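Asker: Below you will find the structure I want to go over with you.
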Amino acid sequence: MIRFEHVTKRYADGTTAVDDLSFEVAEGELVTLVGPSGCGKTTTMKMVNRLIEPTEGRIFLDGDDISAIDPVQLRRRIGYVIQQVGLFPHRTVLENTATVPHLLGWKRGKGRARAAELLDLVGLDPSVYGDRYPEQLSGGQRQRVGVARALAADPPVLLMDEPFGAVDPVVRERLQNEFLRLQAQVRKTVLFVTHDIEEAVRLGDRIAVYGQGSIEQFDSPATVLGAPATDYVADFVGADRGLKRLSVTPVEESDLDRPPVVHLDDPLDRATERLRAEGARWAVVLDGDGRLHGWIPAGDALSGATGTVREHARRMEAWLPVGAPLKQAFATMLQHDAGWIAVIDEQSEGRFLGVLTPARLHEALRRSISADDLAVPRAEVAVESVAAVAQTPGA
């Protein structure tokens with residue numbers, strides 16, 4: 001969708017902002033451009049919509065050489081989101097969102113309907129926020145309006161320049177989550193500029209790590225973290241890149257342990273007797289459709305209790321969906337001081353899949369690293385069990 005061919009930007013004073021860039025961004029791909037201030041990443045992005053003209057080389061958009069396209073028409077084909085949003089203060093949220101459809105000559109009703117649809121998509125109820133003005137919104141809400149406005153004319157390409165950099169860390173994480181959800185639905189081709197390697201790793205399908213005016217490495221987040229191409233990249237991603245890798249390694253069903261399970265309507269005495277015979281200290285409680293309900297302790301905790309499992313099941317606080325990053329799993333364990341967390345399949349209405357323990361989390365991370373090194377699927381990598389090592393005499 002976007003292709004750079006030997007693109008250079010050199011200014012009159014001799015400064016070279018971008019030097020001989022050649023790379024491609026596939027349709028529907030989100031590529032993050034990351035690097036320190038002044039490295040050329042924003043210059044790269046602005047050359048795509050011709051806010052900056054290259055000195056040498058060519059840039060193609062969906063096969064068309066952008067130098068042959070009228071800049072105004074080109075920009076109406078590209079969504080653009082910046083850090084400070086740039087909303088018109090005298091226009092309502094709905095009017096701001098409908099700006100580009102209006103410029104393209106859409107009928108007023110069609111433009112407003114599209115704006116309302118996009119506001120709803122980014123989590124802002126148009127009936128609540130549509131008639132408000134930008135000054136009546138929080139920073140995070142204004143940023144969402146900026147994203148909605150950029151998407152209003154359904155452009156194939158979205159350029160985002162530090163879009164979440166001006167909000168606090170909590171709001172920033174929420175916006176990142178919202179944008180990932182949105183991107184999963186709309187699948188735009190995105191160039192996303194950031195100086196934050198954690199944001200780049202979390203959002204990008206691929207990452208372009210910039211040195212001074214050139215790309216040092218252009219690869220998947222896992223590869224950039226697991227196999228930095230140069231010492232510069234290794235220094236930039238940091239010595240804690242193993243921890244950052246938790247953000248890009250999903251929980252897979254093969255990572256899970258299968259603990260004992262009981263069901264809500266099981267007689268309690270039979271359930272606890274079975275768990276005692278198996279030597280289990282606890283069991284997961286499921287409903288009749290295999291969905292997670294909670295857990296019960298075994299042993300003496302329910303000694304003398306009667307009735308069914310339903311009457312004694314305890315609430316499950318520590319759980320997450322399969323596919324969530326290992327970082328989220330680790331954070332959930334710490335938040336709830338949990339020795340394990342339940343994993344469910346949200347695509348099948350919460351069906352219980354298994355539990356993730358600290359040992360299995362560690363193994364999942366090790367398998368992910370080894371899989372990249374060997375260029376094989378993660379499920380094909382065998383690692384020595386941490387639990388087994390711990391139980392080895394003399395270990």
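Here, A, B, ... name the chains of the structure tokens in the order displayed, residue numbers run from 1 inside each chain, and ligands are numbered from 1 in the same displayed order.
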So that I can check the secondary structure, give me every residue of segment 58-181 of chain A assigned strand (DSSP E) by backbone DSSP, as number ranges by chain.
Answerer: A: 58-61, 64-65, 78-82, 157-161
Asker: So that each row is one residue of segment 188-294 of chain A with an atom at most 12 Å from segment 8-16 of chain A, can you give its shortest atom pair and the distance in Å to one decimal, using only C-alpha atoms, rows by chain and rising number, as a tab-separated table?
Answerer:
```
residue	atom	partner	partner_atom	distance
A:Gln212	CA	A:Thr16	CA	9.0
A:Gly213	CA	A:Thr16	CA	7.0
A:Ser214	CA	A:Thr8	CA	9.5
```
Asker: List as a list in words the protein and nucleic acid residues near Leu264 of chain A, meaning an atom at most 10 Å away when only C-alpha atoms are counted, but skip any in the same chain fewer than 6 places from it.
Answerer: Val285, Leu286, Asp287, Gly288, His293, Gly294, Trp295, Thr308, Val309, Arg310, Glu311, His312 and Ala313 of chain A
Asker: Would you list the contacts of Asp125 of chain A as a PDB file with C-alpha atoms, in the first residue's frame, taking every protein, DNA or RNA residue within 12 Å and counting only C-alpha atoms, but skipping same-chain residues closer than 5 positions in sequence?
Answerer:
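Generated output (part-v5.pdb):
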```pdb
ATOM      1  CA  VAL A  93     -17.729  17.302  18.072  1.00  0.00           C
ATOM      2  CA  LEU A  94     -20.089  16.014  15.370  1.00  0.00           C
ATOM      3  CA  ALA A 115     -19.616  11.116  11.892  1.00  0.00           C
ATOM      4  CA  ALA A 116     -22.085   9.672  14.397  1.00  0.00           C
ATOM      5  CA  GLU A 117     -21.138   6.138  13.343  1.00  0.00           C
ATOM      6  CA  LEU A 118     -17.430   6.854  13.871  1.00  0.00           C
ATOM      7  CA  LEU A 119     -17.960   8.542  17.238  1.00  0.00           C
ATOM      8  CA  ASP A 120     -19.813   5.462  18.412  1.00  0.00           C
ATOM      9  CA  GLY A 130     -22.059  15.104  19.440  1.00  0.00           C
ATOM     10  CA  ASP A 131     -23.237  18.601  20.402  1.00  0.00           C
ATOM     11  CA  ARG A 132     -20.391  19.368  22.786  1.00  0.00           C
ATOM     12  CA  GLN A 141     -11.874  12.269  24.529  1.00  0.00           C
ATOM     13  CA  ARG A 144     -10.704   9.936  20.189  1.00  0.00           C
ATOM     14  CA  VAL A 145     -12.516  12.611  18.211  1.00  0.00           C
TER      15      VAL A 145
END
```
Asker: Under the rule that only C-alpha atoms are counted, which of A:Met160, A:Ile78, A:Ile59, A:Leu30 is the nearest residue to His6 of chain A?
Answerer: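 For His6 of chain A, the nearest of the candidates is A:Ile59.
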Asker: Nearest to Arg77 of chain A: which of A:Thr189, A:Thr44, A:Thr194, A:Thr55 is it, counting only C-alpha atoms?
Answerer: A:Thr189
Asker: Tell me, as a PyMOL selection string, which residues lie within 12 Å of His362 of chain A, counting only C-alpha atoms; anything in the same chain fewer than 3 positions away does not count.
Answerer: chain A and resi 242-243+245-246+249+251+255-256+326-327+329-330+356-359+365-369+383-387
Asker: For Ala298 of chain A, find every residue with an atom within 7 Å (counting only C-alpha atoms), except residues of its own chain fewer than 5 positions away, and show them as a ChimeraX atom specification.
Answerer: /A:272,275-276,280-282
Asker: So that I can check the surroundings of Ala208 of chain A, please list as a list in words every protein, DNA and RNA residue that reaches within 6 Å of it, counting only C-alpha atoms and ignoring chain neighbours fewer than 5 positions away.
Answerer: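 Here the qualifying residues turn out to be Leu33, Gln217 and Phe218 of chain A.
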Asker: Could those selected residues go to a file with N, CA, C and O atoms, as a PDB file, in the first residue's frame?
Answerer:
```pdb
ATOM      1  N   LEU A  33       6.941   3.762  13.600  1.00  0.00           N
ATOM      2  CA  LEU A  33       8.244   4.367  13.367  1.00  0.00           C
ATOM      3  C   LEU A  33       8.714   4.895  14.715  1.00  0.00           C
ATOM      4  O   LEU A  33       8.102   5.795  15.289  1.00  0.00           O
ATOM      5  N   GLN A 217      16.622  -1.156  11.903  1.00  0.00           N
ATOM      6  CA  GLN A 217      15.987  -2.473  11.840  1.00  0.00           C
ATOM      7  C   GLN A 217      14.511  -2.296  11.537  1.00  0.00           C
ATOM      8  O   GLN A 217      13.849  -1.410  12.086  1.00  0.00           O
ATOM      9  N   PHE A 218      13.982  -3.144  10.648  1.00  0.00           N
ATOM     10  CA  PHE A 218      12.574  -3.112  10.267  1.00  0.00           C
ATOM     11  C   PHE A 218      12.070  -4.539  10.368  1.00  0.00           C
ATOM     12  O   PHE A 218      12.321  -5.364   9.504  1.00  0.00           O
TER      13      PHE A 218
END
```
Asker: Under the rule that only C-alpha atoms are counted, which of A:Glu253, A:Lys41, A:Gly304, A:Gln73 is the nearest residue to Glu273 of chain A?
Answerer: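 The answer is A:Gly304, which sits nearest to Glu273 of chain A.
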Asker: Please, what distance in Å, to one decimal, runs between atom CA of Leu124 of chain A and atom CA of Trp106 of chain A?
Answerer: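 Atom CA of Trp106 of chain A lies at a distance of 22.6 Å from atom CA of Leu124 of chain A.
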Asker: Which one of A:Arg174, A:Pro89, A:Asp269, A:Glu363 sits closest to Leu137 of chain A if you count only C-alpha atoms?
Answerer: A:Pro89
Asker: Quick one: distance from atom CA of Pro163 of chain A to atom CA of Pro228 of chain A in Å, one decimal?
Answerer: 26.2 Å
Asker: With only C-alpha atoms as the atoms that count, which of A:Ala318, A:Val261, A:Ala153, A:Leu175 lies nearest to Gly339 of chain A?
Answerer: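 When distances to Gly339 of chain A are compared using only C-alpha atoms, the smallest one comes from A:Ala318.
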Asker: Please determine, counting only C-alpha atoms, which residue among A:Leu103, A:Val25, A:Ala364, A:Ile207 has the shortest atom-to-atom distance to Lys188 of chain A.
Answerer: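 With only C-alpha atoms as the atom set, the closest residue is A:Val25.
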Asker: Run DSSP on the backbone and give me the residues of segment 18-234 of chain A it puts in alpha helix (DSSP H), as number ranges by chain.
Answerer: A: 41-48, 71-75, 93-97, 99-103, 108-121, 126-129, 139-151, 169-186, 197-203, 221-226, 231-234
Asker: Filtering to C-alpha atoms, could you give me those residues as a PDB file, in the first residue's frame?
Answerer:
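Done, and the output landed in result_11.pdb:
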```pdb
ATOM      1  CA  LYS A  41      10.536   9.529  11.657  1.00  0.00           C
ATOM      2  CA  THR A  42       8.057  12.446  11.476  1.00  0.00           C
ATOM      3  CA  THR A  43       9.732  13.695   8.298  1.00  0.00           C
ATOM      4  CA  THR A  44       9.195  10.234   6.818  1.00  0.00           C
ATOM      5  CA  MET A  45       5.511  10.305   7.666  1.00  0.00           C
ATOM      6  CA  LYS A  46       4.939  13.851   6.414  1.00  0.00           C
ATOM      7  CA  MET A  47       6.433  12.977   3.051  1.00  0.00           C
ATOM      8  CA  VAL A  48       3.601  10.467   2.543  1.00  0.00           C
ATOM      9  CA  PRO A  71      -1.495  17.411  -2.771  1.00  0.00           C
ATOM     10  CA  VAL A  72      -4.993  18.478  -1.685  1.00  0.00           C
ATOM     11  CA  GLN A  73      -6.596  15.463  -3.337  1.00  0.00           C
ATOM     12  CA  LEU A  74      -3.891  13.213  -1.906  1.00  0.00           C
ATOM     13  CA  ARG A  75      -4.511  14.421   1.647  1.00  0.00           C
ATOM     14  CA  VAL A  93     -17.729  17.302  18.072  1.00  0.00           C
ATOM     15  CA  LEU A  94     -20.089  16.014  15.370  1.00  0.00           C
ATOM     16  CA  GLU A  95     -19.184  18.890  13.033  1.00  0.00           C
ATOM     17  CA  ASN A  96     -15.469  18.343  13.634  1.00  0.00           C
ATOM     18  CA  THR A  97     -15.798  14.663  12.843  1.00  0.00           C
ATOM     19  CA  THR A  99     -15.060  17.891   8.356  1.00  0.00           C
ATOM     20  CA  VAL A 100     -13.498  15.764   5.612  1.00  0.00           C
ATOM     21  CA  PRO A 101     -16.803  14.353   4.273  1.00  0.00           C
ATOM     22  CA  HIS A 102     -18.000  17.962   4.038  1.00  0.00           C
ATOM     23  CA  LEU A 103     -14.870  18.963   2.085  1.00  0.00           C
ATOM     24  CA  ARG A 108     -24.943  17.068   5.096  1.00  0.00           C
ATOM     25  CA  GLY A 109     -27.111  14.203   6.334  1.00  0.00           C
ATOM     26  CA  LYS A 110     -24.744  11.545   5.021  1.00  0.00           C
ATOM     27  CA  GLY A 111     -21.728  13.287   6.539  1.00  0.00           C
ATOM     28  CA  ARG A 112     -23.351  13.638   9.955  1.00  0.00           C
ATOM     29  CA  ALA A 113     -24.530  10.024   9.896  1.00  0.00           C
ATOM     30  CA  ARG A 114     -20.979   8.875   9.119  1.00  0.00           C
ATOM     31  CA  ALA A 115     -19.616  11.116  11.892  1.00  0.00           C
ATOM     32  CA  ALA A 116     -22.085   9.672  14.397  1.00  0.00           C
ATOM     33  CA  GLU A 117     -21.138   6.138  13.343  1.00  0.00           C
ATOM     34  CA  LEU A 118     -17.430   6.854  13.871  1.00  0.00           C
ATOM     35  CA  LEU A 119     -17.960   8.542  17.238  1.00  0.00           C
ATOM     36  CA  ASP A 120     -19.813   5.462  18.412  1.00  0.00           C
ATOM     37  CA  LEU A 121     -16.987   3.286  17.062  1.00  0.00           C
ATOM     38  CA  PRO A 126     -22.955  10.783  19.603  1.00  0.00           C
ATOM     39  CA  SER A 127     -26.184  11.546  21.462  1.00  0.00           C
ATOM     40  CA  VAL A 128     -24.091  12.533  24.499  1.00  0.00           C
ATOM     41  CA  TYR A 129     -20.974  14.065  22.941  1.00  0.00           C
ATOM     42  CA  GLY A 139      -7.730  15.177  26.581  1.00  0.00           C
ATOM     43  CA  GLY A 140      -8.432  11.510  25.934  1.00  0.00           C
ATOM     44  CA  GLN A 141     -11.874  12.269  24.529  1.00  0.00           C
ATOM     45  CA  ARG A 142     -10.458  14.918  22.183  1.00  0.00           C
ATOM     46  CA  GLN A 143      -7.918  12.388  20.971  1.00  0.00           C
ATOM     47  CA  ARG A 144     -10.704   9.936  20.189  1.00  0.00           C
ATOM     48  CA  VAL A 145     -12.516  12.611  18.211  1.00  0.00           C
ATOM     49  CA  GLY A 146      -9.303  13.203  16.266  1.00  0.00           C
ATOM     50  CA  VAL A 147      -9.142   9.512  15.348  1.00  0.00           C
ATOM     51  CA  ALA A 148     -12.822   9.487  14.373  1.00  0.00           C
ATOM     52  CA  ARG A 149     -12.325  12.565  12.179  1.00  0.00           C
ATOM     53  CA  ALA A 150      -9.361  10.942  10.442  1.00  0.00           C
ATOM     54  CA  LEU A 151     -11.472   7.876   9.644  1.00  0.00           C
ATOM     55  CA  PRO A 169      -0.192   7.161  31.270  1.00  0.00           C
ATOM     56  CA  VAL A 170      -3.538   5.701  32.379  1.00  0.00           C
ATOM     57  CA  VAL A 171      -5.495   7.433  29.625  1.00  0.00           C
ATOM     58  CA  ARG A 172      -2.752   6.593  27.158  1.00  0.00           C
ATOM     59  CA  GLU A 173      -3.086   2.877  27.863  1.00  0.00           C
ATOM     60  CA  ARG A 174      -6.854   3.109  27.439  1.00  0.00           C
ATOM     61  CA  LEU A 175      -6.452   4.899  24.124  1.00  0.00           C
ATOM     62  CA  GLN A 176      -3.977   2.284  22.944  1.00  0.00           C
ATOM     63  CA  ASN A 177      -6.419  -0.479  23.868  1.00  0.00           C
ATOM     64  CA  GLU A 178      -9.237   1.344  22.097  1.00  0.00           C
ATOM     65  CA  PHE A 179      -7.127   1.876  19.007  1.00  0.00           C
ATOM     66  CA  LEU A 180      -6.089  -1.780  18.845  1.00  0.00           C
ATOM     67  CA  ARG A 181      -9.755  -2.761  19.071  1.00  0.00           C
ATOM     68  CA  LEU A 182     -10.628  -0.236  16.374  1.00  0.00           C
ATOM     69  CA  GLN A 183      -7.810  -1.353  14.082  1.00  0.00           C
ATOM     70  CA  ALA A 184      -8.973  -4.961  14.389  1.00  0.00           C
ATOM     71  CA  GLN A 185     -12.314  -3.813  12.958  1.00  0.00           C
ATOM     72  CA  VAL A 186     -11.313  -1.321  10.257  1.00  0.00           C
ATOM     73  CA  ILE A 197       9.529   1.710  22.348  1.00  0.00           C
ATOM     74  CA  GLU A 198       6.881   0.121  24.584  1.00  0.00           C
ATOM     75  CA  GLU A 199       4.113   1.807  22.599  1.00  0.00           C
ATOM     76  CA  ALA A 200       5.792   0.782  19.333  1.00  0.00           C
ATOM     77  CA  VAL A 201       6.057  -2.825  20.496  1.00  0.00           C
ATOM     78  CA  ARG A 202       2.507  -2.953  21.757  1.00  0.00           C
ATOM     79  CA  LEU A 203       0.803  -1.482  18.691  1.00  0.00           C
ATOM     80  CA  PRO A 221       8.200  -6.492  17.545  1.00  0.00           C
ATOM     81  CA  ALA A 222       9.221  -9.927  18.813  1.00  0.00           C
ATOM     82  CA  THR A 223      12.269 -10.015  16.526  1.00  0.00           C
ATOM     83  CA  VAL A 224      13.350  -6.485  17.383  1.00  0.00           C
ATOM     84  CA  LEU A 225      13.199  -7.375  21.079  1.00  0.00           C
ATOM     85  CA  GLY A 226      14.588 -10.890  20.752  1.00  0.00           C
ATOM     86  CA  ASP A 231      24.182  -2.578  19.034  1.00  0.00           C
ATOM     87  CA  TYR A 232      22.283   0.670  18.505  1.00  0.00           C
ATOM     88  CA  VAL A 233      18.945  -1.182  18.389  1.00  0.00           C
ATOM     89  CA  ALA A 234      19.886  -3.254  21.454  1.00  0.00           C
TER      90      ALA A 234
END
```
Asker: To one decimal place, how far is atom CA of Glu317 of chain A from atom CA of Glu252 of chain A in Å?
Answerer: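 Spanning atom CA of Glu317 of chain A to atom CA of Glu252 of chain A is a straight-line distance of 20.1 Å.
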